[in-house]
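> Supplied structure: start_16.pdb, PDB, C-alpha atoms.
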ATOM      1  CA  MET A   1       0.000   0.000   0.000  1.00  0.00           C
ATOM      2  CA  SER A   2       1.324   3.433  -0.853  1.00  0.00           C
ATOM      3  CA  ILE A   3       1.440   6.409   1.476  1.00  0.00           C
ATOM      4  CA  ALA A   4      -1.297   8.021  -0.616  1.00  0.00           C
ATOM      5  CA  ASP A   5      -3.497   4.933  -0.065  1.00  0.00           C
ATOM      6  CA  LEU A   6      -2.825   5.032   3.673  1.00  0.00           C
ATOM      7  CA  LYS A   7      -3.701   8.733   3.819  1.00  0.00           C
ATOM      8  CA  THR A   8      -6.983   8.015   2.038  1.00  0.00           C
ATOM      9  CA  ARG A   9      -7.915   5.002   4.175  1.00  0.00           C
ATOM     10  CA  LEU A  10      -6.950   6.791   7.398  1.00  0.00           C
ATOM     11  CA  ALA A  11      -8.525  10.156   6.559  1.00  0.00           C
ATOM     12  CA  ASP A  12     -10.200  10.180   9.991  1.00  0.00           C
ATOM     13  CA  VAL A  13      -6.801  10.193  11.736  1.00  0.00           C
ATOM     14  CA  PRO A  14      -5.738  13.700  12.788  1.00  0.00           C
ATOM     15  CA  GLY A  15      -2.628  14.941  10.956  1.00  0.00           C
ATOM     16  CA  ILE A  16      -2.428  11.901   8.637  1.00  0.00           C
ATOM     17  CA  SER A  17      -1.919  14.180   5.612  1.00  0.00           C
ATOM     18  CA  SER A  18       1.702  14.660   6.748  1.00  0.00           C
ATOM     19  CA  LEU A  19       2.391  10.892   7.012  1.00  0.00           C
ATOM     20  CA  THR A  20       5.954   9.812   6.226  1.00  0.00           C
ATOM     21  CA  MET A  21       7.458   6.331   6.138  1.00  0.00           C
ATOM     22  CA  ASN A  22      11.150   5.518   6.639  1.00  0.00           C
ATOM     23  CA  ILE A  23      13.158   2.357   7.162  1.00  0.00           C
ATOM     24  CA  ASP A  24      15.107   2.252  10.437  1.00  0.00           C
ATOM     25  CA  ASP A  25      18.371   0.493   9.619  1.00  0.00           C
ATOM     26  CA  ILE A  26      19.403   0.586  13.275  1.00  0.00           C
ATOM     27  CA  ASP A  27      16.333  -1.223  14.577  1.00  0.00           C
ATOM     28  CA  GLY A  28      16.348  -4.240  12.237  1.00  0.00           C
ATOM     29  CA  GLY A  29      14.776  -2.519   9.236  1.00  0.00           C
ATOM     30  CA  ARG A  30      11.505  -1.599  10.935  1.00  0.00           C
ATOM     31  CA  ILE A  31       9.169   0.783   9.128  1.00  0.00           C
ATOM     32  CA  LEU A  32       8.915   4.109  10.973  1.00  0.00           C
ATOM     33  CA  LEU A  33       5.662   6.039  10.522  1.00  0.00           C
ATOM     34  CA  ARG A  34       5.377   9.709  11.530  1.00  0.00           C
ATOM     35  CA  TRP A  35       2.527  12.221  11.121  1.00  0.00           C
ATOM     36  CA  GLY A  36       1.028  15.323  12.663  1.00  0.00           C
ATOM     37  CA  GLU A  37       2.758  18.497  13.835  1.00  0.00           C
ATOM     38  CA  GLY A  38       3.955  20.047  17.069  1.00  0.00           C
ATOM     39  CA  THR A  39       2.269  18.720  20.184  1.00  0.00           C
ATOM     40  CA  SER A  40      -0.058  16.700  17.970  1.00  0.00           C
ATOM     41  CA  SER A  41       2.664  14.668  16.293  1.00  0.00           C
ATOM     42  CA  TYR A  42       2.609  10.891  16.401  1.00  0.00           C
ATOM     43  CA  SER A  43       4.842   8.009  15.485  1.00  0.00           C
ATOM     44  CA  ALA A  44       4.579   4.261  15.222  1.00  0.00           C
ATOM     45  CA  SER A  45       6.763   1.470  13.920  1.00  0.00           C
ATOM     46  CA  VAL A  46       6.005  -1.905  12.401  1.00  0.00           C
ATOM     47  CA  PRO A  47       8.220  -4.765  11.276  1.00  0.00           C
ATOM     48  CA  ASN A  48       9.556  -4.570   7.735  1.00  0.00           C
ATOM     49  CA  GLY A  49       7.081  -6.434   5.530  1.00  0.00           C
ATOM     50  CA  ALA A  50       4.109  -5.709   7.793  1.00  0.00           C
ATOM     51  CA  SER A  51       0.707  -6.069   6.172  1.00  0.00           C
ATOM     52  CA  ASP A  52      -1.468  -3.071   5.330  1.00  0.00           C
ATOM     53  CA  ALA A  53      -3.763  -3.986   8.213  1.00  0.00           C
ATOM     54  CA  ASP A  54      -0.812  -4.113  10.624  1.00  0.00           C
ATOM     55  CA  ILE A  55       0.288  -0.639   9.499  1.00  0.00           C
ATOM     56  CA  GLU A  56      -3.235   0.746   9.916  1.00  0.00           C
ATOM     57  CA  ASP A  57      -3.567  -0.867  13.348  1.00  0.00           C
ATOM     58  CA  ALA A  58      -0.222   0.593  14.457  1.00  0.00           C
ATOM     59  CA  ILE A  59      -1.248   4.083  13.356  1.00  0.00           C
ATOM     60  CA  ARG A  60      -4.638   3.828  15.063  1.00  0.00           C
ATOM     61  CA  ALA A  61      -3.083   2.384  18.220  1.00  0.00           C
ATOM     62  CA  ALA A  62      -0.618   5.273  18.338  1.00  0.00           C
ATOM     63  CA  ILE A  63      -3.453   7.754  18.703  1.00  0.00           C
ATOM     64  CA  LYS A  64      -5.870   5.364  20.410  1.00  0.00           C
ATOM     65  CA  LEU A  65      -8.475   5.101  17.655  1.00  0.00           C
ATOM     66  CA  PRO A  66     -10.387   1.865  17.130  1.00  0.00           C
ATOM     67  CA  SER A  67      -9.540  -0.199  14.081  1.00  0.00           C
ATOM     68  CA  VAL A  68     -11.633   0.440  10.973  1.00  0.00           C
ATOM     69  CA  SER A  69     -13.616  -2.755  11.484  1.00  0.00           C
ATOM     70  CA  LEU A  70     -14.805  -1.442  14.874  1.00  0.00           C
ATOM     71  CA  ILE A  71     -15.919   1.972  13.583  1.00  0.00           C
ATOM     72  CA  PRO A  72     -19.663   1.857  12.890  1.00  0.00           C
ATOM     73  CA  GLU A  73     -20.913   2.734   9.415  1.00  0.00           C
ATOM     74  CA  LYS A  74     -23.385   5.299  10.759  1.00  0.00           C
ATOM     75  CA  SER A  75     -22.971   7.557  13.698  1.00  0.00           C
ATOM     76  CA  ALA A  76     -24.523   5.590  16.530  1.00  0.00           C
ATOM     77  CA  ALA A  77     -22.475   7.210  19.280  1.00  0.00           C
ATOM     78  CA  ALA A  78     -25.479   9.153  20.600  1.00  0.00           C
ATOM     79  CA  ASP A  79     -27.509   5.925  20.904  1.00  0.00           C
ATOM     80  CA  VAL A  80     -24.835   4.061  22.902  1.00  0.00           C
ATOM     81  CA  GLN A  81     -25.176   4.234  26.660  1.00  0.00           C
ATOM     82  CA  PRO A  82     -22.233   3.280  28.901  1.00  0.00           C
ATOM     83  CA  GLN A  83     -22.464  -0.218  30.251  1.00  0.00           C
ATOM     84  CA  GLY A  84     -21.874  -0.912  33.909  1.00  0.00           C
ATOM     85  CA  GLY A  85     -18.326  -1.558  34.979  1.00  0.00           C
ATOM     86  CA  ALA A  86     -15.196   0.151  36.137  1.00  0.00           C
ATOM     87  CA  MET A  87     -13.864   3.069  34.188  1.00  0.00           C
ATOM     88  CA  SER A  88     -10.443   4.617  34.703  1.00  0.00           C
ATOM     89  CA  VAL A  89     -10.771   8.079  36.139  1.00  0.00           C
ATOM     90  CA  THR A  90      -7.132   9.078  35.686  1.00  0.00           C
ATOM     91  CA  GLY A  91      -6.297   7.198  32.506  1.00  0.00           C
ATOM     92  CA  ALA A  92      -2.887   6.484  34.032  1.00  0.00           C
ATOM     93  CA  GLY A  93      -2.251   3.484  31.814  1.00  0.00           C
ATOM     94  CA  ALA A  94      -2.946   5.425  28.639  1.00  0.00           C
ATOM     95  CA  ALA A  95      -0.967   8.410  29.903  1.00  0.00           C
ATOM     96  CA  GLY A  96       2.022   6.188  30.691  1.00  0.00           C
ATOM     97  CA  GLN A  97       1.850   4.558  27.257  1.00  0.00           C
ATOM     98  CA  SER A  98       1.461   7.949  25.564  1.00  0.00           C
ATOM     99  CA  LEU A  99       4.473   9.292  27.432  1.00  0.00           C
ATOM    100  CA  ARG A 100       6.489   6.204  26.501  1.00  0.00           C
ATOM    101  CA  GLU A 101       5.541   6.634  22.831  1.00  0.00           C
ATOM    102  CA  LEU A 102       6.277  10.356  22.963  1.00  0.00           C
ATOM    103  CA  MET A 103       9.716   9.710  24.463  1.00  0.00           C
ATOM    104  CA  GLU A 104      10.441   6.974  21.911  1.00  0.00           C
ATOM    105  CA  GLY A 105       9.408   9.272  19.050  1.00  0.00           C
ATOM    106  CA  HIS A 106      11.590  12.028  20.464  1.00  0.00           C
ATOM    107  CA  ARG A 107      14.534   9.624  20.772  1.00  0.00           C
ATOM    108  CA  ARG A 108      14.119   8.568  17.129  1.00  0.00           C
ATOM    109  CA  THR A 109      13.892  12.197  16.028  1.00  0.00           C
ATOM    110  CA  LEU A 110      17.083  13.029  17.917  1.00  0.00           C
ATOM    111  CA  GLU A 111      18.838  10.031  16.367  1.00  0.00           C
ATOM    112  CA  ASP A 112      17.722  11.087  12.874  1.00  0.00           C
ATOM    113  CA  LEU A 113      18.844  14.677  13.403  1.00  0.00           C
ATOM    114  CA  THR A 114      22.149  13.610  14.936  1.00  0.00           C
ATOM    115  CA  ALA A 115      22.815  11.262  12.016  1.00  0.00           C
ATOM    116  CA  ALA A 116      22.068  14.069   9.538  1.00  0.00           C
ATOM    117  CA  HIS A 117      24.432  16.433  11.363  1.00  0.00           C
ATOM    118  CA  MET A 118      27.134  13.775  11.531  1.00  0.00           C
ATOM    119  CA  ASP A 119      26.841  13.225   7.760  1.00  0.00           C
ATOM    120  CA  LYS A 120      27.202  16.965   7.212  1.00  0.00           C
ATOM    121  CA  MET A 121      30.264  17.056   9.484  1.00  0.00           C
ATOM    122  CA  ARG A 122      31.842  14.139   7.586  1.00  0.00           C
ATOM    123  CA  GLU A 123      31.296  16.043   4.327  1.00  0.00           C
ATOM    124  CA  GLY A 124      32.904  19.144   5.864  1.00  0.00           C
ATOM    125  CA  PHE A 125      35.907  17.123   7.055  1.00  0.00           C
ATOM    126  CA  ALA A 126      36.278  15.608   3.583  1.00  0.00           C
ATOM    127  CA  LYS A 127      36.268  19.112   2.030  1.00  0.00           C
ATOM    128  CA  GLN A 128      38.905  20.271   4.515  1.00  0.00           C
ATOM    129  CA  LEU A 129      41.067  17.271   3.658  1.00  0.00           C
ATOM    130  CA  GLN A 130      40.740  18.082  -0.051  1.00  0.00           C
ATOM    131  CA  GLY A 131      41.805  21.660   0.699  1.00  0.00           C
ATOM    132  CA  VAL A 132      44.867  20.541   2.652  1.00  0.00           C
ATOM    133  CA  GLN A 133      45.822  18.138  -0.141  1.00  0.00           C
ATOM    134  CA  ALA A 134      45.472  20.957  -2.708  1.00  0.00           C
ATOM    135  CA  LEU A 135      47.587  23.201  -0.464  1.00  0.00           C
ATOM    136  CA  GLY A 136      50.265  20.494  -0.395  1.00  0.00           C
ATOM    137  CA  ARG A 137      50.299  20.349  -4.202  1.00  0.00           C
ATOM    138  CA  LEU A 138      50.573  24.156  -4.321  1.00  0.00           C
ATOM    139  CA  ALA A 139      53.485  24.089  -1.854  1.00  0.00           C
ATOM    140  CA  ASP A 140      55.267  21.474  -4.020  1.00  0.00           C
ATOM    141  CA  LYS A 141      54.774  23.693  -7.087  1.00  0.00           C
ATOM    142  CA  VAL A 142      56.129  26.806  -5.320  1.00  0.00           C
ATOM    143  CA  HIS A 143      59.096  24.814  -4.016  1.00  0.00           C
ATOM    144  CA  ALA A 144      59.883  23.473  -7.491  1.00  0.00           C
ATOM    145  CA  GLU A 145      59.633  26.975  -8.995  1.00  0.00           C
ATOM    146  CA  GLY A 146      62.033  28.235  -6.310  1.00  0.00           C
ATOM    147  CA  ASP A 147      64.609  25.631  -7.347  1.00  0.00           C
ATOM    148  CA  GLU A 148      64.072  26.584 -10.992  1.00  0.00           C
ATOM    149  CA  PHE A 149      64.516  30.286 -10.137  1.00  0.00           C
ATOM    150  CA  LEU A 150      67.785  29.640  -8.258  1.00  0.00           C
ATOM    151  CA  SER A 151      69.053  27.577 -11.169  1.00  0.00           C
ATOM    152  CA  LEU A 152      68.297  30.403 -13.595  1.00  0.00           C
ATOM    153  CA  ILE A 153      69.986  32.989 -11.367  1.00  0.00           C
ATOM    154  CA  GLY A 154      72.995  30.699 -11.082  1.00  0.00           C
ATOM    155  CA  GLN A 155      73.325  30.540 -14.882  1.00  0.00           C
ATOM    156  CA  TYR A 156      73.313  34.362 -15.179  1.00  0.00           C
ATOM    157  CA  THR A 157      75.796  34.676 -12.339  1.00  0.00           C
ATOM    158  CA  ASN A 158      78.093  32.164 -13.995  1.00  0.00           C
ATOM    159  CA  ASP A 159      77.824  34.036 -17.334  1.00  0.00           C
ATOM    160  CA  LEU A 160      78.808  37.313 -15.642  1.00  0.00           C
ATOM    161  CA  GLU A 161      81.884  35.781 -14.004  1.00  0.00           C
ATOM    162  CA  GLY A 162      83.142  34.003 -17.045  1.00  0.00           C
TER
END
Would you write out, as structure tokens, the structure that this file holds?

Amino acid sequence: MSIADLKTRLADVPGISSLTMNIDDIDGGRILLRWGEGTSSYSASVPNGASDADIEDAIRAAIKLPSVSLIPEKSAAADVQPQGGAMSVTGAGAAGQSLRELMEGHRRTLEDLTAAHMDKMREGFAKQLQGVQALGRLADKVHAEGDEFLSLIGQYTNDLEG
């Protein structure tokens, strides 16, 4: 499934229009999914070769939406009354999971940015090395021309003495 297909199928997911997919070479080739902006940014990862359904489930789980098969065709939310049973008042479990996912997403972002900066630094070091090598060739040329100049002066000096 392409990113465009995912964006279409997951149109109900906030921020999905900015969905990106990358392969994480560090973490065994997992597929990294990122979408949203600012404080409403999300990330998820799935194993390389995950099915379309697995990718959709990972995205929905990251923002706590039900899977497509559980979303009713018509809006019946107003007709549904809460059933008896315990309900979390604090949502501590979800908050802990959200924090864990937020921290993991932040860690991956830092790793990506650090890797990009390191690549740029390597390129800068390579350019500096090229410059030093060119300077060495220039120094060799100047040195050789100095020897040539002394040789020429020596010939004129010898002609004047003789």
> Would you compute the distance between atom CA of A:Val13 and atom CA of A:Asp57? Give it in Å to one decimal.
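A separation of 11.6 Å between them.
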> Can you translate the PyMOL selection byres ((chain A and resi 109-123) around 12) into the concrete residues it hits in this file, as a short mmCIF file (atom, residue, chain, number, x, y, z; two decimals) with C-alpha atoms, keeping the file's coordinate frame?

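Output saved as expr.cif:
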data_model
loop_
_atom_site.label_atom_id
_atom_site.label_comp_id
_atom_site.auth_asym_id
_atom_site.auth_seq_id
_atom_site.Cartn_x
_atom_site.Cartn_y
_atom_site.Cartn_z
CA ASN A 22 11.15 5.52 6.64
CA ILE A 23 13.16 2.36 7.16
CA ASP A 24 15.11 2.25 10.44
CA ASP A 25 18.37 0.49 9.62
CA ILE A 26 19.40 0.59 13.28
CA ASP A 27 16.33 -1.22 14.58
CA LEU A 32 8.91 4.11 10.97
CA LEU A 33 5.66 6.04 10.52
CA ARG A 34 5.38 9.71 11.53
CA SER A 41 2.66 14.67 16.29
CA TYR A 42 2.61 10.89 16.40
CA SER A 43 4.84 8.01 15.48
CA LEU A 102 6.28 10.36 22.96
CA MET A 103 9.72 9.71 24.46
CA GLU A 104 10.44 6.97 21.91
CA GLY A 105 9.41 9.27 19.05
CA HIS A 106 11.59 12.03 20.46
CA ARG A 107 14.53 9.62 20.77
CA ARG A 108 14.12 8.57 17.13
CA GLY A 124 32.90 19.14 5.86
CA PHE A 125 35.91 17.12 7.06
CA ALA A 126 36.28 15.61 3.58
CA LYS A 127 36.27 19.11 2.03
CA GLN A 128 38.90 20.27 4.51
CA LEU A 129 41.07 17.27 3.66
CA GLN A 130 40.74 18.08 -0.05
#
> Expressed in Å to a single decimal, how great is the separation between atom CA of A:Glu37 and atom CA of A:Ile16?
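Here the two named atoms are 9.9 Å from each other.
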> I'd like to know which of A:Ala44, A:Leu19, A:Ala134, A:Leu99 is closest to A:Leu6, using all atoms listed in the file.
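Ranked by minimum distance to A:Leu6, first place goes to A:Leu19.
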> A:Lys7, A:Arg137, A:His143, A:Arg30: which is nearest A:Gly49, counting all atoms listed in the file?
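The closest residue to A:Gly49 is A:Arg30.
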> Name every residue that the PyMOL selection byres ((chain A and resi 55) around 10) selects in this structure, writing the answer as an mmCIF file with C-alpha atoms, in the frame of the given file with chains first and numbers rising.

data_model
loop_
_atom_site.group_PDB
_atom_site.id
_atom_site.type_symbol
_atom_site.label_atom_id
_atom_site.label_comp_id
_atom_site.auth_asym_id
_atom_site.auth_seq_id
_atom_site.Cartn_x
_atom_site.Cartn_y
_atom_site.Cartn_z
ATOM 1 C CA MET A 1 0.000 0.000 0.000
ATOM 2 C CA LEU A 6 -2.825 5.032 3.673
ATOM 3 C CA ILE A 31 9.169 0.783 9.128
ATOM 4 C CA LEU A 32 8.915 4.109 10.973
ATOM 5 C CA LEU A 33 5.662 6.039 10.522
ATOM 6 C CA ALA A 44 4.579 4.261 15.222
ATOM 7 C CA SER A 45 6.763 1.470 13.920
ATOM 8 C CA VAL A 46 6.005 -1.905 12.401
ATOM 9 C CA PRO A 47 8.220 -4.765 11.276
ATOM 10 C CA GLY A 49 7.081 -6.434 5.530
ATOM 11 C CA ALA A 50 4.109 -5.709 7.793
ATOM 12 C CA SER A 51 0.707 -6.069 6.172
ATOM 13 C CA ASP A 52 -1.468 -3.071 5.330
ATOM 14 C CA ALA A 53 -3.763 -3.986 8.213
ATOM 15 C CA ASP A 54 -0.812 -4.113 10.624
ATOM 16 C CA GLU A 56 -3.235 0.746 9.916
ATOM 17 C CA ASP A 57 -3.567 -0.867 13.348
ATOM 18 C CA ALA A 58 -0.222 0.593 14.457
ATOM 19 C CA ILE A 59 -1.248 4.083 13.356
ATOM 20 C CA ARG A 60 -4.638 3.828 15.063
ATOM 21 C CA ALA A 61 -3.083 2.384 18.220
#
> Expand the PyMOL selection byres ((chain A and resi 14) around 9) into the explicit residue set it covers here, and present it as an MDAnalysis selection string.
chainID A and resid 10:13 15:17 35:36 40 63
> Calculate how many Å separate atom CA of A:Thr20 from atom CA of A:Ser2, rounding to one decimal.
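These atoms are spaced 10.6 Å apart.
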> Using only C-alpha atoms, which of the listed residues (A:Ser98, A:Ser18, A:Gln133, A:Thr39) sits closest to A:Ile3?
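Distance minimum relative to A:Ile3 lands on A:Ser18.
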> Using N, CA and C atoms, give me stretch 26-56 of chain A from the structure I just pasted, as a short mmCIF file (atom, residue, chain, number, x, y, z; two decimals), in the first residue's frame.

data_model
loop_
_atom_site.label_atom_id
_atom_site.label_comp_id
_atom_site.auth_asym_id
_atom_site.auth_seq_id
_atom_site.Cartn_x
_atom_site.Cartn_y
_atom_site.Cartn_z
N ILE A 26 18.85 0.90 11.96
CA ILE A 26 19.40 0.59 13.27
C ILE A 26 18.55 -0.45 13.99
N ASP A 27 17.26 -0.37 13.84
CA ASP A 27 16.33 -1.22 14.58
C ASP A 27 15.83 -2.38 13.71
N GLY A 28 16.71 -3.04 12.99
CA GLY A 28 16.35 -4.24 12.24
C GLY A 28 15.47 -3.99 11.02
N GLY A 29 15.53 -2.80 10.44
CA GLY A 29 14.78 -2.52 9.24
C GLY A 29 13.29 -2.31 9.47
N ARG A 30 12.91 -1.87 10.66
CA ARG A 30 11.50 -1.60 10.94
C ARG A 30 11.05 -0.40 10.13
N ILE A 31 9.76 -0.34 9.84
CA ILE A 31 9.17 0.78 9.13
C ILE A 31 8.73 1.81 10.17
N LEU A 32 9.27 3.03 10.05
CA LEU A 32 8.91 4.11 10.97
C LEU A 32 7.86 4.98 10.31
N LEU A 33 6.78 5.22 11.02
CA LEU A 33 5.66 6.04 10.52
C LEU A 33 5.57 7.28 11.40
N ARG A 34 5.51 8.47 10.78
CA ARG A 34 5.38 9.71 11.53
C ARG A 34 4.34 10.58 10.85
N TRP A 35 3.54 11.31 11.66
CA TRP A 35 2.53 12.22 11.12
C TRP A 35 2.15 13.23 12.18
N GLY A 36 1.46 14.27 11.74
CA GLY A 36 1.03 15.32 12.66
C GLY A 36 2.11 16.38 12.81
N GLU A 37 1.82 17.40 13.63
CA GLU A 37 2.76 18.50 13.83
C GLU A 37 2.73 18.95 15.28
N GLY A 38 3.85 19.46 15.73
CA GLY A 38 3.95 20.05 17.07
C GLY A 38 3.56 19.08 18.16
N THR A 39 2.69 19.56 19.06
CA THR A 39 2.27 18.72 20.18
C THR A 39 1.31 17.62 19.74
N SER A 40 0.83 17.73 18.51
CA SER A 40 -0.06 16.70 17.97
C SER A 40 0.66 15.86 16.93
N SER A 41 1.93 15.53 17.21
CA SER A 41 2.66 14.67 16.29
C SER A 41 2.71 13.26 16.88
N TYR A 42 2.68 12.29 16.00
CA TYR A 42 2.61 10.89 16.40
C TYR A 42 3.64 10.08 15.64
N SER A 43 3.96 8.93 16.19
CA SER A 43 4.84 8.01 15.48
C SER A 43 4.47 6.59 15.87
N ALA A 44 4.79 5.68 14.98
CA ALA A 44 4.58 4.26 15.22
C ALA A 44 5.62 3.53 14.40
N SER A 45 5.86 2.27 14.74
CA SER A 45 6.76 1.47 13.92
C SER A 45 6.19 0.06 13.81
N VAL A 46 6.46 -0.55 12.67
CA VAL A 46 6.00 -1.91 12.40
C VAL A 46 7.17 -2.66 11.79
N PRO A 47 7.14 -3.99 11.89
CA PRO A 47 8.22 -4.77 11.28
C PRO A 47 8.24 -4.57 9.76
N ASN A 48 9.43 -4.65 9.18
CA ASN A 48 9.56 -4.57 7.74
C ASN A 48 8.74 -5.71 7.13
N GLY A 49 7.94 -5.42 6.14
CA GLY A 49 7.08 -6.43 5.53
C GLY A 49 5.74 -6.59 6.22
N ALA A 50 5.40 -5.65 7.10
CA ALA A 50 4.11 -5.71 7.79
C ALA A 50 2.98 -5.55 6.77
N SER A 51 1.86 -6.17 7.07
CA SER A 51 0.71 -6.07 6.17
C SER A 51 0.08 -4.68 6.29
N ASP A 52 -0.76 -4.35 5.31
CA ASP A 52 -1.47 -3.07 5.33
C ASP A 52 -2.29 -2.93 6.60
N ALA A 53 -2.93 -4.01 7.00
CA ALA A 53 -3.76 -3.99 8.21
C ALA A 53 -2.90 -3.73 9.45
N ASP A 54 -1.71 -4.34 9.49
CA ASP A 54 -0.81 -4.11 10.62
C ASP A 54 -0.38 -2.64 10.70
N ILE A 55 -0.11 -2.05 9.53
CA ILE A 55 0.29 -0.64 9.50
C ILE A 55 -0.86 0.24 9.98
N GLU A 56 -2.07 -0.03 9.48
CA GLU A 56 -3.23 0.75 9.92
C GLU A 56 -3.46 0.60 11.41
#
